[in-house]
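Chemist: My structure file start_22.txt, compact mmCIF, C-alpha atoms, is below:
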```
# COMPACT_ATOMS: atom_id res chain seq x y z
CA MET A 786 -84.91 -12.98 -59.33
CA THR A 787 -84.87 -9.57 -60.79
CA HIS A 788 -81.61 -8.31 -59.34
CA ALA A 789 -78.52 -9.25 -61.30
CA ASP A 790 -76.35 -9.51 -58.18
CA ALA A 791 -78.81 -11.52 -56.11
CA PRO A 792 -77.60 -14.95 -55.03
CA SER A 793 -79.00 -17.86 -56.97
CA GLY A 794 -80.84 -20.70 -55.32
CA LEU A 795 -77.72 -22.80 -55.67
CA ASP A 796 -75.64 -20.10 -53.97
CA LEU A 797 -77.85 -20.48 -50.91
CA VAL A 798 -76.97 -24.12 -50.37
CA VAL A 799 -73.43 -24.47 -51.71
CA ARG A 800 -70.80 -24.60 -48.98
CA PRO A 801 -67.45 -23.26 -50.17
CA GLY A 802 -65.43 -25.89 -48.30
CA LEU A 803 -67.38 -28.73 -49.87
CA ALA A 804 -67.25 -27.10 -53.29
CA GLU A 805 -63.46 -26.89 -53.07
CA ALA A 806 -63.24 -30.47 -51.86
CA ALA A 807 -65.29 -31.46 -54.89
CA LEU A 808 -62.74 -29.78 -57.16
CA TRP A 809 -59.92 -31.74 -55.54
CA ARG A 810 -61.88 -34.97 -55.79
CA ARG A 811 -62.63 -34.42 -59.46
CA LEU A 812 -59.04 -33.44 -60.22
CA ARG A 813 -57.35 -36.24 -58.30
CA PHE A 814 -59.77 -39.14 -58.58
CA GLU A 815 -61.99 -38.43 -61.57
CA ALA A 816 -59.36 -37.09 -64.00
CA GLU A 817 -61.14 -33.78 -64.61
CA ASP A 818 -58.13 -31.69 -65.53
CA GLY A 819 -60.20 -28.52 -65.89
CA CYS A 820 -60.51 -28.42 -62.09
CA ARG A 821 -56.82 -27.55 -61.90
CA GLU A 822 -57.53 -24.22 -63.54
CA GLU A 823 -60.49 -23.61 -61.24
CA LEU A 824 -58.36 -24.30 -58.20
CA PHE A 825 -55.66 -22.03 -59.58
CA GLY A 826 -58.27 -19.29 -59.95
CA LEU A 827 -59.43 -19.84 -56.37
CA TYR A 828 -55.94 -19.30 -54.98
CA ALA A 829 -54.43 -16.84 -57.50
CA GLY A 830 -55.32 -14.03 -55.08
CA LEU A 831 -53.33 -15.69 -52.31
CA ALA A 832 -50.31 -16.07 -54.62
CA ARG A 833 -50.58 -12.46 -55.69
CA ALA A 834 -50.85 -11.25 -52.09
CA LEU A 835 -47.75 -13.21 -51.09
CA ALA A 836 -45.91 -11.84 -54.14
CA ARG A 837 -46.81 -8.31 -53.07
CA ARG A 838 -45.60 -8.92 -49.55
CA HIS A 839 -42.27 -10.32 -50.72
CA TYR A 840 -41.93 -7.54 -53.29
CA ARG A 841 -42.26 -4.90 -50.59
CA ARG A 842 -39.47 -6.57 -48.60
CA ARG A 843 -37.20 -7.15 -51.61
CA ALA A 844 -33.49 -6.58 -51.31
CA SER A 845 -32.93 -5.76 -54.96
CA ARG A 846 -34.67 -2.87 -56.65
CA ARG A 847 -33.94 -4.37 -60.03
CA ILE A 848 -36.52 -7.11 -59.82
CA ASP A 849 -40.02 -5.99 -60.74
CA GLN A 850 -43.30 -7.01 -59.16
CA GLY A 851 -44.30 -9.04 -62.20
CA ASP A 852 -41.37 -11.35 -61.60
CA PHE A 853 -42.46 -11.91 -58.02
CA GLU A 854 -45.95 -12.79 -59.25
CA GLN A 855 -44.57 -15.23 -61.80
CA PHE A 856 -42.59 -17.03 -59.10
CA ALA A 857 -45.66 -17.05 -56.86
CA PHE A 858 -47.84 -18.50 -59.61
CA ALA A 859 -45.22 -21.16 -60.35
CA GLY A 860 -45.24 -22.08 -56.66
CA LEU A 861 -49.03 -22.24 -56.66
CA LEU A 862 -49.05 -24.59 -59.64
CA GLN A 863 -46.51 -26.84 -57.95
CA ALA A 864 -48.57 -26.82 -54.78
CA ILE A 865 -51.71 -27.80 -56.69
CA ASP A 866 -49.86 -30.69 -58.32
CA ARG A 867 -48.35 -31.99 -55.08
CA TYR A 868 -51.13 -31.44 -52.58
CA ASP A 869 -52.81 -34.51 -51.13
CA PRO A 870 -56.39 -33.53 -50.26
CA LEU A 871 -56.82 -36.63 -48.09
CA LEU A 872 -54.19 -35.59 -45.55
CA GLY A 873 -56.52 -33.10 -43.89
CA VAL A 874 -54.19 -30.10 -44.23
CA PRO A 875 -56.01 -27.03 -45.64
CA PHE A 876 -54.65 -26.23 -49.08
CA GLY A 877 -54.16 -22.54 -48.26
CA ALA A 878 -51.74 -23.36 -45.45
CA TYR A 879 -49.94 -25.92 -47.60
CA ALA A 880 -49.69 -23.63 -50.62
CA ARG A 881 -48.49 -20.63 -48.62
CA ARG A 882 -45.21 -22.37 -47.80
CA ARG A 883 -44.73 -23.58 -51.36
CA ILE A 884 -45.42 -20.17 -52.84
CA ALA A 885 -43.07 -18.41 -50.44
CA GLY A 886 -40.37 -20.97 -51.25
CA SER A 887 -40.89 -20.56 -54.96
CA ILE A 888 -40.55 -16.77 -54.66
CA ALA A 889 -37.37 -17.08 -52.60
CA ASP A 890 -35.88 -19.62 -55.01
CA GLY A 891 -36.84 -17.59 -58.06
CA VAL A 892 -35.37 -14.39 -56.75
CA SER A 893 -32.13 -16.06 -55.70
CA ARG A 894 -31.80 -17.69 -59.14
CA MET A 895 -32.29 -14.46 -61.02
CA THR A 896 -29.13 -13.05 -62.48
CA GLU A 897 -28.51 -9.36 -62.94
CA VAL A 898 -29.18 -9.76 -66.66
CA ASP A 899 -32.47 -11.48 -65.92
CA ALA A 900 -33.44 -8.73 -63.57
CA GLN A 901 -32.68 -6.05 -66.12
CA LEU A 902 -34.75 -7.92 -68.67
CA SER A 903 -37.86 -7.37 -66.61
CA HIS A 904 -40.99 -9.46 -66.55
CA ARG A 905 -42.72 -6.61 -68.32
CA HIS A 906 -40.21 -6.68 -71.15
CA ARG A 907 -40.39 -10.45 -71.48
CA ILE A 908 -44.16 -10.48 -71.60
CA GLU A 909 -44.18 -7.80 -74.28
CA GLN A 910 -41.70 -9.80 -76.35
CA GLU A 911 -43.86 -12.88 -75.94
CA ARG A 912 -46.92 -11.03 -77.19
CA LEU A 913 -45.05 -9.51 -80.09
CA ARG A 914 -43.80 -12.90 -81.22
CA SER A 915 -47.31 -14.28 -80.94
CA LEU A 916 -48.90 -11.51 -82.97
CA ALA A 917 -46.22 -11.03 -85.64
CA ARG A 918 -47.74 -12.85 -88.57
CA ARG A 919 -45.67 -14.64 -91.16
CA PRO A 920 -47.25 -14.05 -94.59
CA ALA A 921 -48.74 -17.20 -96.03
CA GLU A 922 -47.30 -18.61 -99.18
CA GLY A 923 -48.45 -16.58 -102.19
CA GLU A 924 -49.64 -13.79 -99.93
CA GLY A 925 -48.29 -10.48 -101.05
CA GLY A 926 -47.98 -9.17 -97.54
CA ASP A 927 -48.55 -5.44 -97.73
CA PRO A 928 -46.07 -4.23 -95.11
CA LEU A 929 -48.23 -1.30 -94.05
CA THR A 930 -51.26 -3.55 -93.50
CA GLU A 931 -49.18 -6.02 -91.55
CA VAL A 932 -47.74 -3.36 -89.31
CA THR A 933 -51.20 -1.85 -88.79
CA GLU A 934 -52.63 -5.22 -87.82
CA LEU A 935 -49.73 -5.88 -85.47
CA VAL A 936 -50.12 -2.52 -83.80
CA LEU A 937 -53.87 -2.99 -83.45
CA GLY A 938 -53.33 -6.40 -81.90
CA LEU A 939 -50.85 -4.99 -79.41
CA ALA A 940 -53.18 -2.09 -78.70
CA TYR A 941 -56.07 -4.38 -77.85
CA GLY A 942 -53.72 -6.28 -75.58
CA LEU A 943 -52.85 -3.07 -73.79
CA ILE A 944 -56.51 -2.18 -73.32
CA LEU A 945 -57.20 -5.64 -71.92
CA GLU A 946 -54.26 -5.31 -69.61
CA ARG A 947 -55.20 -1.82 -68.45
CA THR A 948 -58.67 -3.09 -67.69
CA SER A 949 -57.25 -5.45 -65.10
CA LEU A 950 -54.52 -3.05 -64.02
CA ALA A 951 -57.16 -0.56 -62.92
CA ALA A 952 -57.12 -2.44 -59.64
CA ALA A 953 -53.36 -2.65 -59.47
CA ALA A 954 -51.50 -3.88 -56.45
CA ASP A 955 -50.32 -0.42 -55.48
CA GLY A 956 -53.86 0.86 -55.59
CA ALA A 957 -53.08 3.33 -58.35
CA ASP A 958 -55.82 3.85 -60.89
CA THR A 959 -54.08 3.90 -64.24
CA ARG A 960 -57.19 4.52 -66.26
CA ALA A 961 -57.52 7.50 -68.55
CA GLY A 962 -58.46 10.86 -67.15
CA ALA A 963 -62.06 11.91 -66.65
CA TYR A 964 -62.31 13.69 -70.00
CA GLU A 965 -61.40 10.47 -71.77
CA SER A 966 -63.08 8.04 -69.48
CA LEU A 967 -66.45 7.75 -71.17
CA ALA A 968 -65.02 6.64 -74.51
CA TRP A 969 -62.43 4.52 -72.71
CA ARG A 970 -64.97 2.72 -70.60
CA GLU A 971 -67.20 2.17 -73.59
CA LEU A 972 -64.29 0.61 -75.44
CA GLN A 973 -63.42 -1.58 -72.44
CA SER A 974 -67.02 -2.64 -72.10
CA ARG A 975 -67.25 -3.62 -75.76
CA LEU A 976 -63.95 -5.43 -75.52
CA GLY A 977 -65.09 -7.27 -72.39
CA ALA A 978 -68.21 -8.44 -74.22
CA ALA A 979 -66.09 -9.50 -77.21
CA VAL A 980 -63.78 -11.52 -74.91
CA ALA A 981 -66.81 -13.22 -73.37
CA ALA A 982 -67.91 -14.26 -76.87
CA LEU A 983 -64.53 -15.81 -77.77
CA PRO A 984 -64.22 -19.59 -78.16
CA GLU A 985 -63.59 -21.11 -74.73
CA ARG A 986 -59.87 -21.81 -75.08
CA GLU A 987 -59.10 -18.43 -76.61
CA ALA A 988 -61.03 -16.71 -73.82
CA LYS A 989 -59.11 -18.71 -71.22
CA VAL A 990 -55.78 -17.69 -72.74
CA VAL A 991 -56.81 -14.03 -72.84
CA ARG A 992 -58.13 -14.03 -69.29
CA ASN A 993 -55.20 -15.88 -67.79
CA HIS A 994 -52.66 -13.74 -69.64
CA TYR A 995 -54.18 -10.30 -69.29
CA GLU A 996 -56.19 -10.57 -66.10
CA LEU A 997 -53.95 -12.86 -64.05
CA GLY A 998 -50.70 -11.88 -65.77
CA LEU A 999 -49.64 -15.47 -66.46
CA SER A 1000 -46.90 -16.10 -68.99
CA PHE A 1001 -47.65 -18.27 -72.01
CA ALA A 1002 -45.56 -21.05 -70.44
CA GLN A 1003 -47.67 -20.99 -67.28
CA ILE A 1004 -50.92 -20.95 -69.25
CA ALA A 1005 -49.62 -23.89 -71.27
CA ASP A 1006 -48.97 -25.75 -68.03
CA LEU A 1007 -52.37 -24.82 -66.61
CA LEU A 1008 -54.37 -25.82 -69.68
CA GLY A 1009 -52.25 -28.82 -70.68
CA LEU A 1010 -51.23 -27.30 -74.01
CA SER A 1011 -47.90 -26.56 -75.66
CA ARG A 1012 -46.51 -23.07 -75.35
CA GLY A 1013 -46.69 -22.72 -79.13
CA ARG A 1014 -50.37 -23.62 -79.07
CA VAL A 1015 -51.03 -20.98 -76.41
CA SER A 1016 -49.24 -18.45 -78.58
CA GLN A 1017 -51.43 -19.46 -81.54
CA LEU A 1018 -54.59 -19.18 -79.45
CA HIS A 1019 -53.47 -15.77 -78.23
CA ARG A 1020 -52.95 -14.54 -81.76
CA ALA A 1021 -56.26 -16.02 -82.95
CA ALA A 1022 -58.07 -14.38 -80.02
CA LEU A 1023 -56.56 -10.97 -80.68
CA GLU A 1024 -57.34 -11.24 -84.39
CA ARG A 1025 -60.90 -12.22 -83.61
CA LEU A 1026 -61.25 -9.33 -81.16
CA ARG A 1027 -59.87 -6.91 -83.72
CA LYS A 1028 -62.38 -8.07 -86.33
CA ARG A 1029 -65.29 -7.94 -83.91
CA MET A 1030 -64.37 -4.53 -82.63
CA GLY A 1031 -63.90 -3.22 -86.16
CA GLY A 1032 -60.98 -0.98 -85.22
CA PHE A 1033 -60.93 1.95 -82.82
CA LYS A 1034 -63.80 4.37 -83.13
CA MET B 433 -72.28 -65.30 -43.79
CA THR B 434 -75.15 -62.89 -43.24
CA GLN B 435 -74.79 -59.88 -45.48
CA LEU B 436 -76.36 -57.38 -43.11
CA CYS B 437 -75.65 -56.85 -39.45
CA SER B 438 -78.62 -57.29 -37.11
CA ASP B 439 -80.58 -54.33 -35.79
CA GLU B 440 -79.25 -55.15 -32.31
CA GLU B 441 -75.67 -55.04 -33.55
CA LEU B 442 -76.35 -51.77 -35.30
CA ASP B 443 -77.92 -50.26 -32.19
CA ALA B 444 -74.94 -51.37 -30.11
CA LEU B 445 -72.58 -49.83 -32.65
CA MET B 446 -74.52 -46.57 -32.62
CA GLN B 447 -74.21 -46.46 -28.86
CA GLU B 448 -70.50 -47.14 -29.08
CA ILE B 449 -69.69 -44.41 -31.56
CA GLN B 450 -71.70 -41.55 -30.12
CA PRO B 451 -70.01 -38.30 -31.09
CA ASP B 452 -67.56 -36.71 -28.63
CA ASP B 453 -66.77 -39.95 -26.86
CA GLY B 454 -63.38 -40.22 -28.52
CA VAL B 455 -63.97 -43.73 -29.80
CA GLY B 456 -63.52 -42.67 -33.43
CA MET B 457 -64.09 -44.81 -36.47
CA GLU B 458 -62.54 -48.05 -35.29
CA PRO B 459 -65.71 -49.85 -34.11
CA LEU B 460 -67.45 -48.91 -37.32
CA ASP B 461 -64.54 -50.02 -39.47
CA ARG B 462 -64.50 -53.34 -37.62
CA MET B 463 -68.20 -53.79 -38.24
CA ILE B 464 -67.77 -52.93 -41.93
CA ALA B 465 -65.02 -55.55 -42.13
CA SER B 466 -67.56 -58.09 -40.84
CA PHE B 467 -70.48 -56.84 -42.95
CA PRO B 468 -68.98 -55.15 -46.01
CA GLN B 469 -72.24 -55.40 -47.95
CA ASP B 470 -74.37 -53.54 -45.41
CA PRO B 471 -75.27 -50.15 -46.93
CA ARG B 472 -76.31 -48.76 -43.53
CA LEU B 473 -72.76 -49.11 -42.24
CA HIS B 474 -71.33 -47.27 -45.23
CA PHE B 475 -73.95 -44.56 -44.82
CA LEU B 476 -72.96 -44.22 -41.19
CA ARG B 477 -69.31 -44.08 -42.18
CA GLY B 478 -70.05 -41.36 -44.75
CA SER B 479 -71.92 -39.41 -42.10
CA MET B 480 -69.07 -39.67 -39.63
CA LEU B 481 -66.44 -38.71 -42.20
CA ALA B 482 -68.50 -35.70 -43.23
CA SER B 483 -68.83 -34.63 -39.63
CA ILE B 484 -65.05 -34.68 -39.09
CA GLY B 485 -64.23 -32.72 -42.24
CA ARG B 486 -63.20 -35.50 -44.61
CA PRO B 487 -65.63 -34.78 -47.45
CA ILE B 488 -63.87 -36.69 -50.23
CA GLU B 489 -63.95 -39.95 -48.29
CA ALA B 490 -67.43 -39.16 -47.00
CA LEU B 491 -68.77 -38.93 -50.52
CA ALA B 492 -67.12 -42.22 -51.46
CA ALA B 493 -68.80 -43.90 -48.49
CA LEU B 494 -72.19 -42.42 -49.35
CA ARG B 495 -71.78 -43.61 -52.92
CA MET B 496 -70.95 -47.07 -51.66
CA ALA B 497 -74.08 -47.04 -49.48
CA VAL B 498 -76.24 -46.20 -52.49
CA ASP B 499 -74.47 -48.70 -54.75
CA LEU B 500 -75.07 -51.46 -52.21
CA GLY B 501 -78.62 -50.33 -51.40
CA PRO B 502 -80.20 -48.62 -54.40
CA ASP B 503 -83.51 -48.46 -52.51
CA PHE B 504 -81.94 -46.94 -49.39
CA ALA B 505 -83.87 -43.73 -49.91
CA ILE B 506 -82.40 -41.56 -47.17
CA ALA B 507 -78.85 -42.45 -48.25
CA ARG B 508 -79.73 -41.61 -51.84
CA PHE B 509 -81.27 -38.31 -50.77
CA GLN B 510 -78.22 -37.42 -48.69
CA LEU B 511 -75.84 -38.38 -51.47
CA GLY B 512 -77.68 -35.98 -53.77
CA PHE B 513 -77.74 -33.30 -51.10
CA PHE B 514 -74.01 -33.72 -50.58
CA TYR B 515 -73.47 -33.14 -54.29
CA LEU B 516 -75.78 -30.13 -54.19
CA THR B 517 -73.94 -28.50 -51.31
CA SER B 518 -70.69 -29.24 -53.13
CA GLY B 519 -71.89 -27.19 -56.10
CA GLU B 520 -72.60 -30.19 -58.32
CA PRO B 521 -76.31 -29.89 -59.12
CA ALA B 522 -76.21 -32.22 -62.14
CA ALA B 523 -74.80 -35.05 -60.01
CA ALA B 524 -77.38 -34.25 -57.33
CA LEU B 525 -80.25 -34.58 -59.76
CA GLU B 526 -78.81 -37.81 -61.13
CA SER B 527 -78.55 -39.27 -57.63
CA TRP B 528 -82.09 -38.26 -56.77
CA GLY B 529 -83.60 -39.64 -59.99
CA PRO B 530 -84.83 -42.99 -58.58
CA LEU B 531 -86.54 -41.20 -55.67
CA ALA B 532 -89.25 -40.29 -58.19
CA LEU B 533 -90.47 -43.86 -57.65
CA LEU B 534 -91.42 -43.07 -54.04
CA PRO B 535 -95.10 -42.37 -53.32
CA HIS B 536 -96.20 -38.97 -54.54
CA ASP B 537 -96.64 -37.59 -51.03
CA HIS B 538 -93.41 -38.99 -49.57
CA TYR B 539 -91.46 -36.25 -47.86
CA LEU B 540 -88.20 -37.09 -49.62
CA ARG B 541 -89.91 -36.69 -52.96
CA SER B 542 -91.19 -33.28 -51.88
CA PHE B 543 -87.74 -32.24 -50.69
CA VAL B 544 -86.22 -33.30 -53.99
CA ALA B 545 -88.87 -31.34 -55.87
CA GLY B 546 -88.27 -28.28 -53.72
CA LEU B 547 -84.49 -28.42 -54.11
CA THR B 548 -84.85 -28.97 -57.84
CA TYR B 549 -86.94 -25.79 -58.09
CA LEU B 550 -84.34 -24.06 -55.95
CA ILE B 551 -81.60 -24.99 -58.42
CA ARG B 552 -83.69 -23.35 -61.13
CA ASP B 553 -84.21 -20.22 -59.01
CA GLU B 554 -87.96 -20.87 -58.96
CA PHE B 555 -88.31 -19.85 -55.36
CA THR B 556 -92.07 -19.87 -54.94
CA GLU B 557 -92.35 -23.48 -56.08
CA ALA B 558 -89.26 -24.38 -54.05
CA LEU B 559 -90.86 -23.04 -50.88
CA LYS B 560 -94.12 -24.81 -51.63
CA HIS B 561 -92.54 -28.24 -52.03
CA LEU B 562 -90.04 -27.87 -49.19
CA GLY B 563 -92.90 -26.83 -46.93
CA ALA B 564 -94.97 -29.82 -48.04
CA GLY B 565 -92.03 -32.12 -47.31
CA ILE B 566 -91.56 -30.69 -43.83
CA ALA B 567 -95.29 -31.11 -43.12
CA ALA B 568 -95.26 -34.71 -44.34
CA ASN B 569 -92.07 -35.74 -42.54
CA GLU B 570 -92.80 -37.00 -39.08
CA GLU B 571 -90.14 -39.66 -38.89
CA ASN B 572 -86.99 -37.67 -39.53
CA PRO B 573 -86.92 -34.44 -37.47
CA PRO B 574 -83.22 -33.64 -38.09
CA LEU B 575 -83.88 -33.47 -41.82
CA ASN B 576 -86.81 -31.14 -41.23
CA ARG B 577 -84.60 -28.79 -39.26
CA ASP B 578 -82.12 -28.54 -42.09
CA MET B 579 -84.77 -28.10 -44.75
CA GLN B 580 -86.30 -25.38 -42.57
CA VAL B 581 -82.95 -23.54 -42.63
CA ILE B 582 -83.13 -23.53 -46.42
CA VAL B 583 -86.78 -22.43 -46.35
CA ASP B 584 -85.85 -19.54 -44.07
CA GLN B 585 -83.00 -18.49 -46.33
CA VAL B 586 -85.12 -18.63 -49.45
CA SER B 587 -87.94 -16.73 -47.73
CA GLU B 588 -85.50 -14.07 -46.65
CA LEU B 589 -84.07 -13.83 -50.13
CA VAL B 590 -87.52 -13.48 -51.67
CA ALA B 591 -88.48 -10.85 -49.09
CA ARG B 592 -85.32 -8.88 -49.76
CA GLN B 593 -85.35 -8.92 -53.51
CA GLY B 594 -84.95 -5.17 -53.45
CA ASP B 595 -81.99 -5.43 -51.10
CA PRO B 596 -80.30 -8.70 -52.02
CA ALA B 597 -76.96 -7.66 -50.55
CA ASP B 598 -78.36 -8.45 -47.12
CA ALA B 599 -79.17 -12.02 -48.03
CA ASP B 600 -76.87 -14.65 -46.61
CA ALA B 601 -75.32 -16.09 -49.75
CA ASP B 602 -72.71 -18.38 -48.25
CA GLY B 603 -75.12 -21.08 -47.24
CA GLY B 604 -73.47 -21.19 -43.85
CA GLY B 605 -76.73 -21.88 -42.08
CA ALA B 606 -77.50 -25.02 -44.04
CA SER B 607 -75.74 -27.97 -42.54
CA ALA B 608 -74.70 -30.55 -45.08
CA THR B 609 -73.49 -32.94 -42.49
CA SER B 610 -75.11 -32.23 -39.17
CA PHE B 611 -78.24 -34.10 -40.05
CA LEU B 612 -76.56 -37.16 -41.44
CA LEU B 613 -75.64 -38.92 -38.25
CA ASP B 614 -79.05 -38.66 -36.63
CA GLN B 615 -80.92 -40.14 -39.49
CA LEU B 616 -79.76 -43.68 -39.67
CA GLY B 617 -82.39 -44.78 -37.23
CA ALA B 618 -85.12 -42.73 -38.89
CA GLY B 619 -87.38 -44.57 -41.28
CA GLY B 620 -86.64 -42.38 -44.29
CA GLY B 621 -85.88 -45.37 -46.40
CA ARG B 622 -84.97 -48.96 -46.26
CA ALA B 623 -81.76 -50.74 -47.03
CA ASN B 624 -82.90 -53.37 -49.50
```
Can the structure from this file be put into structure tokens for me?
Modeler:
Amino acid sequence: MTHADAPSGLDLVVRPGLAEAALWRRLRFEAEDGCREELFGLYAGLARALARRHYRRRASRRIDQGDFEQFAFAGLLQAIDRYDPLLGVPFGAYARRRIAGSIADGVSRMTEVDAQLSHRHRIEQERLRSLARRPAEGEGGDPLTEVTELVLGLAYGLILERTSLAAAADGADTRAGAYESLAWRELQSRLGAAVAALPEREAKVVRNHYELGLSFAQIADLLGLSRGRVSQLHRAALERLRKRMGGFK
Amino acid sequence: MTQLCSDEELDALMQEIQPDDGVGMEPLDRMIASFPQDPRLHFLRGSMLASIGRPIEALAALRMAVDLGPDFAIARFQLGFFYLTSGEPAAALESWGPLALLPHDHYLRSFVAGLTYLIRDEFTEALKHLGAGIAANEENPPLNRDMQVIVDQVSELVARQGDPADADADGGGASATSFLLDQLGAGGGRAN
């Protein structure tokens, strides 16, 4: 085929219901843990949509939308782990109740202090801790270089995040204005290509964190890694991206 | 004990479990309890499970049919096709492998060749082999109907290369299960 968007031959014969059933079979009965992440990806949109709905009806203005999404994603992960694909209940219907329950529980558990320390703030702290590099033994550690590297790492994170936020829940386009957009889009395009070239695990961490908005703890759960390892992979990915991009131009 | 049920018993079972009669799986499960080594019964069970939306158990039954009857060609073809429609082309090709031992002009061999070309997006060759399989297959009309659906989809896709958005990409027209039940009596392969 000459058209990039044309369906493949396989697309013509694959039936989505059977393909999903195959993921459940491989996860539950053939110990293919990677299918958990694929199933999560299939239903992340449902979790996000439910989070949006609950966010619009929220009683407290102090809780931000990111928190609702985190609760929804936690509910989705629980649903994936508890679902029995042999019972004949469609997963979407099963997960919907779990996700709604997880949002309600999460919101009711949140204290005022938690709410003030928004999801946004927590995720920024998490990134900062991941990127802040401790100088190796014997390494002089030029403070200016370290700060520059840290800022560049955070900046690339922001670009990655803004790439996905362009289709934000509220429909607002947060991209740069038209006069900046050419350079901005070029940078995003180069960064997208650099992410695609990352080692598989680093790419998964970047995509799940910046595109889906998952916390490091949730990514750790999804990929079967420790939270510290996810943080390491995040830092390694951002460092690799920074080197490949060669700084802002 | 005889390992396989007789053709008469199988015919009687087929009559008993005709779709929409509300009998369900019980007669078949009873027969499997009596003849657990009969691959035809497991193939039938896989077909029924697929038709009632229990794909995980259906696949297990089809696998059992092929394990018990490695030369049961139609079961092997359908196992591979089930994998293919589940988005598992590598498993499909692995299941189909022994069908290469069928005569060169056997319709199942042509269908496998056509679907293999389809997986590789080599549509012209896919159409050629699927068409040859349909022409050669006189004993299994339900299978021809389903292969024809794929041929039509591929033809449409090829014709619309300049406007691929119109192509039906969800595969909804291809029935992975509808043709299973009708084929047990067809002579697409033998069970040992």
Chemist: Might you pull out every residue within 12 Å of Glu911 of chain A, with only C-alpha atoms counted and same-chain residues fewer than 2 positions away left off, and present them as a ChimeraX atom specification?
Modeler: /A:904-909,913-917,939,942,994,999-1002,1012-1013,1015-1017,1019-1020
Chemist: Hey, what's within 9 Å of segment 823-839 of chain A if we count all atoms listed in the file and toss same-chain stuff fewer than 5 positions away? As JSON, numbers by chain, please?
Modeler: {"A": [805, 808, 809, 850, 851, 852, 853, 854, 855, 856, 857, 858, 860, 861, 862, 865, 877, 880, 881, 884, 885, 888, 889, 954, 955, 997, 1007]}
Chemist: Can you write just those residues out, C-alpha atoms, as an mmCIF file, keeping the file's coordinate frame?
Modeler:
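After the write, out-v1.cif holds the following:
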```cif
data_model
loop_
_atom_site.group_PDB
_atom_site.id
_atom_site.type_symbol
_atom_site.label_atom_id
_atom_site.label_comp_id
_atom_site.auth_asym_id
_atom_site.auth_seq_id
_atom_site.Cartn_x
_atom_site.Cartn_y
_atom_site.Cartn_z
ATOM 1 C CA GLU A 805 -63.460 -26.890 -53.070
ATOM 2 C CA LEU A 808 -62.740 -29.780 -57.160
ATOM 3 C CA TRP A 809 -59.920 -31.740 -55.540
ATOM 4 C CA GLN A 850 -43.300 -7.010 -59.160
ATOM 5 C CA GLY A 851 -44.300 -9.040 -62.200
ATOM 6 C CA ASP A 852 -41.370 -11.350 -61.600
ATOM 7 C CA PHE A 853 -42.460 -11.910 -58.020
ATOM 8 C CA GLU A 854 -45.950 -12.790 -59.250
ATOM 9 C CA GLN A 855 -44.570 -15.230 -61.800
ATOM 10 C CA PHE A 856 -42.590 -17.030 -59.100
ATOM 11 C CA ALA A 857 -45.660 -17.050 -56.860
ATOM 12 C CA PHE A 858 -47.840 -18.500 -59.610
ATOM 13 C CA GLY A 860 -45.240 -22.080 -56.660
ATOM 14 C CA LEU A 861 -49.030 -22.240 -56.660
ATOM 15 C CA LEU A 862 -49.050 -24.590 -59.640
ATOM 16 C CA ILE A 865 -51.710 -27.800 -56.690
ATOM 17 C CA GLY A 877 -54.160 -22.540 -48.260
ATOM 18 C CA ALA A 880 -49.690 -23.630 -50.620
ATOM 19 C CA ARG A 881 -48.490 -20.630 -48.620
ATOM 20 C CA ILE A 884 -45.420 -20.170 -52.840
ATOM 21 C CA ALA A 885 -43.070 -18.410 -50.440
ATOM 22 C CA ILE A 888 -40.550 -16.770 -54.660
ATOM 23 C CA ALA A 889 -37.370 -17.080 -52.600
ATOM 24 C CA ALA A 954 -51.500 -3.880 -56.450
ATOM 25 C CA ASP A 955 -50.320 -0.420 -55.480
ATOM 26 C CA LEU A 997 -53.950 -12.860 -64.050
ATOM 27 C CA LEU A 1007 -52.370 -24.820 -66.610
#
```
Chemist: Counting all atoms listed in the file, which of B:Ile566, B:Ala490, B:Ala532, B:Leu575 gets nearest to chain A?
Modeler: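 Of B:Ile566, B:Ala490, B:Ala532, B:Leu575, the one nearest chain A, counting all atoms listed in the file, is B:Ala490.
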Chemist: From the set B:Glu557, B:Asp503, B:Glu489, B:Asp537, which residue has the shortest atom-to-atom contact distance to chain A, counting all atoms listed in the file?
Modeler: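 So, comparing all the options, the nearest one is B:Glu489.
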Chemist: Hey, which of B:Asp443, B:Glu458, B:Glu571, B:Asp470 ends up closest to Ile506 of chain B? Count all atoms listed in the file.
Modeler: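 With all atoms listed in the file as the atom set, the closest residue is B:Glu571.
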